[in-house]
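Peer 1: After the structure tokens below, expect a handful of questions from me.
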2 protein chains.
Amino acid sequence: MELQEAKDRFIHTWGTLATQWGINRTMSQIHALLLLSPKSLNADEIMEELQISRGNVNMNLRDLMSWGLIYKQLLPGERKEYFQAEKDIWKAARQIGRERRRRELSPILETMEDIKKGVSDNSPESAEFLKVVNDIYAVAGFADNTLDLVTKSEESWLTSTFVKLFK
Amino acid sequence: MELQEAKDRFIHTWGTLATQWGINRTMSQIHALLLLSPKSLNADEIMEELQISRGNVNMNLRDLMSWGLIYKQLLPGERKEYFQAEKDIWKAARQIGRERRRRELSPILETMEDIKKGVSDNSPESAEFLKVVNDIYAVAGFADNTLDLVTKSEESWLTSTFVKLFK
DNA sequence: TTGAATTTTCAAAATATTCTGAAAGTTTTC
DNA sequence: GAAAACTTTCAGAATATTTTGAAAATTCAA
């Protein structure tokens, strides 16, 4: 079937792309599967569909929830837990931005502050070192602010105002 | 020595942080070492400093050059090749943005276009699938544009105009 | 309660990535 | 043009990450 083929290709490619930017392949594939699924899926269905183990599914569903990209759903009359992806891609993207900010930029800012505190003397060598540390701090801070700005904004506002203004 | 300790900590931490966002630890450490080094270094010096093999140093220097984060320098009267980091951190950051755009966003855009072409029928199921693909395309395109905008700009312009305007 | 259904955990296995070091390749000098 | 100085390559080793699957924990219905 043609459509199913395209969906499979989407899921597979999404997994491959993800590894290129440091994200677990299976996690991305589960996310892609849920994005494309009209109804929410349970662990068994995901295992079956992607041919992976129960533990793997469980672990990655957990991860996806911590990224805020999927939700757990309890269906009435069902014991099993069902999962659903956030279908608003713009919302999902903002969520990814928010998490990357927290996971990647915050640690840089904290570490640079810490290191600055550790250098007490004021020799020329120390000054030179501190310049690098301060510059990195400033760049990370700028990126953090910019991402914050963008992720806090609504899609409509962004596309209509932001892009036009700077194009 | 106090300063040396701080520098070592910087190099070590930089390597650890890098792994968290999908970048090779050694590559980051070499970059950090060159960032902190007032003079350019050759392969032997880097091997010695970071206690790693020649092959490893060579491979990662190559990688760093492809990212545009370091330069090869040929010193007169010296046979060995020396390496120097781009010391303008803002310039380096723009370089990273440019490369990530090329390496992470471009493939998404290409893949989504490809997949769209592959779906020919116009059933409701296909329409639903294409909506997801199109949305992802739009988000990736937006991110691509925004990064392009930011990386093309000069630091001074950014901090003075951009941030104030949106704060 | 009990026990069946389901989820979670985690040690070991499988896989993927990174690193080493020596051999091959290249460049430069004499 | 040969040898010394240096750089690159790459197969195998080391390390790190991911995955499995079965046992343990939890939840829920009766």
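Residue names in the structure tokens use chain letters A, B, ... in the order shown, residue numbers from 1 in each chain, and ligand numbers from 1 in the order shown.
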Counting only C-alpha atoms (C1' of nucleotides), which residues of chain A fall within 9 Å of chain D, and what is the closest atom pair for each with its distance in Å at one decimal, ordered by chain and rising number, as JSON lines?
Peer 2:
{"residue": "A:Asn24", "atom": "CA", "partner": "D:DT18", "partner_atom": "C1'", "distance": 8.4}
{"residue": "A:Ile52", "atom": "CA", "partner": "D:DT19", "partner_atom": "C1'", "distance": 8.2}
{"residue": "A:Ser53", "atom": "CA", "partner": "D:DT20", "partner_atom": "C1'", "distance": 6.2}
{"residue": "A:Arg54", "atom": "CA", "partner": "D:DG21", "partner_atom": "C1'", "distance": 8.3}
{"residue": "A:Gly55", "atom": "CA", "partner": "D:DT20", "partner_atom": "C1'", "distance": 7.3}
{"residue": "A:Asn56", "atom": "CA", "partner": "D:DT19", "partner_atom": "C1'", "distance": 6.4}
{"residue": "A:Arg79", "atom": "CA", "partner": "D:DC28", "partner_atom": "C1'", "distance": 8.2}
Peer 1: Could you write out the selected residues, including C-alpha atoms, as a PDB file, in the first residue's frame?
Peer 2:
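And here's out_18.pdb as it stands now:
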ATOM      1  CA  ASN A  24      17.860   8.287  20.376  1.00  0.00           C
ATOM      2  CA  ILE A  52      11.009  -3.571  19.598  1.00  0.00           C
ATOM      3  CA  SER A  53      10.982  -4.873  23.154  1.00  0.00           C
ATOM      4  CA  ARG A  54       8.625  -3.894  25.932  1.00  0.00           C
ATOM      5  CA  GLY A  55      11.387  -2.397  28.048  1.00  0.00           C
ATOM      6  CA  ASN A  56      12.577  -0.260  25.195  1.00  0.00           C
ATOM      7  CA  ARG A  79      -6.572  -1.266  31.847  1.00  0.00           C
TER       8      ARG A  79
END
Peer 1: Quick one: residues within 12 Å of Arg9 (chain A), only C-alpha atoms (C1' of nucleotides) counted, chain neighbours fewer than 2 positions away excluded, as an MDAnalysis selection string?
Peer 2: (chainID A and resid 2:7 11:17 29 32:33 36) or (chainID B and resid 111:112 114:116 118:119 133)
Peer 1: Tell me, as an MDAnalysis selection string, which residues lie within 12 Å of Lys39 (chain A), counting only C-alpha atoms (C1' of nucleotides); anything in the same chain fewer than 3 positions away does not count.
Peer 2: chainID A and resid 33:36 42 45 73 75 82:85 87
Peer 1: Would you put the residues from that selection into a file with N, CA and C atoms, as a CSV table (one decimal), in the first residue's frame?
Peer 2:
chain,number,residue,atom,x,y,z
A,33,LEU,N,5.7,7.6,15.0
A,33,LEU,CA,4.5,6.7,14.9
A,33,LEU,C,3.3,7.3,15.5
A,34,LEU,N,3.5,7.9,16.7
A,34,LEU,CA,2.3,8.5,17.4
A,34,LEU,C,1.8,9.8,16.7
A,35,LEU,N,2.8,10.5,16.1
A,35,LEU,CA,2.4,11.7,15.3
A,35,LEU,C,1.4,11.3,14.2
A,36,LEU,N,1.7,10.2,13.6
A,36,LEU,CA,0.9,9.8,12.4
A,36,LEU,C,-0.3,9.0,12.8
A,42,ASN,N,-1.2,1.8,22.6
A,42,ASN,CA,-0.6,1.3,23.9
A,42,ASN,C,0.7,0.6,23.6
A,45,GLU,N,0.9,-2.3,21.1
A,45,GLU,CA,0.8,-1.9,19.7
A,45,GLU,C,2.1,-1.3,19.2
A,73,GLN,N,-2.8,8.6,28.1
A,73,GLN,CA,-4.3,8.7,28.1
A,73,GLN,C,-4.9,7.5,28.7
A,75,LEU,N,-8.0,5.3,28.8
A,75,LEU,CA,-9.3,5.1,28.2
A,75,LEU,C,-10.3,4.4,29.2
A,82,TYR,N,-2.7,4.3,27.2
A,82,TYR,CA,-2.6,4.7,25.8
A,82,TYR,C,-1.8,6.0,25.7
A,83,PHE,N,-1.1,6.1,24.6
A,83,PHE,CA,-0.3,7.3,24.4
A,83,PHE,C,-0.6,8.0,23.1
A,84,GLN,N,-0.5,9.4,23.2
A,84,GLN,CA,-0.9,10.2,22.1
A,84,GLN,C,0.1,11.3,22.0
A,85,ALA,N,0.5,11.7,20.7
A,85,ALA,CA,1.4,12.7,20.5
A,85,ALA,C,0.7,14.1,20.5
A,87,LYS,N,-0.3,17.0,18.8
A,87,LYS,CA,-0.4,17.0,17.3
A,87,LYS,C,-0.1,18.4,16.7
Peer 1: Write out as a ChimeraX atom specification every residue belonging to chain C that has an atom at most 10 Å from any atom of chain A, counting only C-alpha atoms (C1' of nucleotides).
Peer 2: /C:5-10
Peer 1: Could you please determine the separation between CA of Lys152 (chain A) and CA of Ala93 (chain A) in Å, to one decimal place?
Peer 2: 11.1 Å
Peer 1: Over all C-alpha atoms, paired in order, superpose chain A onto chain B by least squares and report how large the RMSD is in Å.
Peer 2: 0.1 Å
Peer 1: For chain A, which residue out of B:Leu41, B:Leu147, B:Ile70, B:Val132 is the nearest one, using only C-alpha atoms?
Peer 2: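 Going through B:Leu41, B:Leu147, B:Ile70, B:Val132 one by one, the smallest distance to chain A is for B:Val132.
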Peer 1: Nearest residue to chain B out of A:Arg62, A:Glu49, A:Met27, A:Thr19, using only C-alpha atoms?
Peer 2: A:Thr19
Peer 1: Find the residue from B:Glu48, B:Asp63, B:Glu86, B:Glu125 that sits nearest to chain A; use only C-alpha atoms when measuring.
Peer 2: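 So, comparing all the options, the nearest one is B:Glu125.
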Peer 1: Quick check, in Å to one decimal: how far apart do C1' of DT17 (chain C) and CA of Gly22 (chain A) lie?
Peer 2: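 Separation between C1' of DT17 (chain C) and CA of Gly22 (chain A): 12.3 Å.
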Peer 1: I need the residues in chain A that are helix (DSSP H, G or I) according to DSSP; give them as a ChimeraX atom specification.
Peer 2: /A:2-20,25-36,43-50,54-66,89-118,124-152,155-166
Peer 1: I need the residue nearest chain B from this list: A:Asp44, A:Glu78, A:Glu113, A:Asp135. Use only C-alpha atoms for the distance.
Peer 2: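 Smallest separation from chain B among the options: A:Asp135.
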Peer 1: Counting only C-alpha atoms, which residue out of B:Pro76, B:Val57, B:Ala140, B:Ser120 sits closest to Ala92 (chain A)?
Peer 2: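 When distances to Ala92 (chain A) are compared using only C-alpha atoms, the smallest one comes from B:Ala140.
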Peer 1: For Lys91 (chain B), list every protein, DNA or RNA residue within 9 Å, evaluated using only C-alpha atoms (C1' of nucleotides), and leave out those in the same chain fewer than 2 positions away; present the list as a ChimeraX atom specification.
Peer 2: /B:69,86-89,93-96,151,154-155
Peer 1: Report as a ChimeraX atom specification: the residues of chain B with a DSSP assignment of strand (DSSP E), based on the backbone of this structure.
Peer 2: /B:41-42,70-74,81-85
Peer 1: Ranking A:Asn60, A:Ser40, A:Asn122, A:Thr26 by minimum distance to chain B and counting only C-alpha atoms, which one comes first?
Peer 2: A:Asn122
Peer 1: Kindly give the distance, in Å, that separates CA of Leu61 (chain B) and CA of Leu74 (chain B), rounded to a single decimal.
Peer 2: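 Taking CA of Leu61 (chain B) and CA of Leu74 (chain B), their separation equals 14.7 Å.
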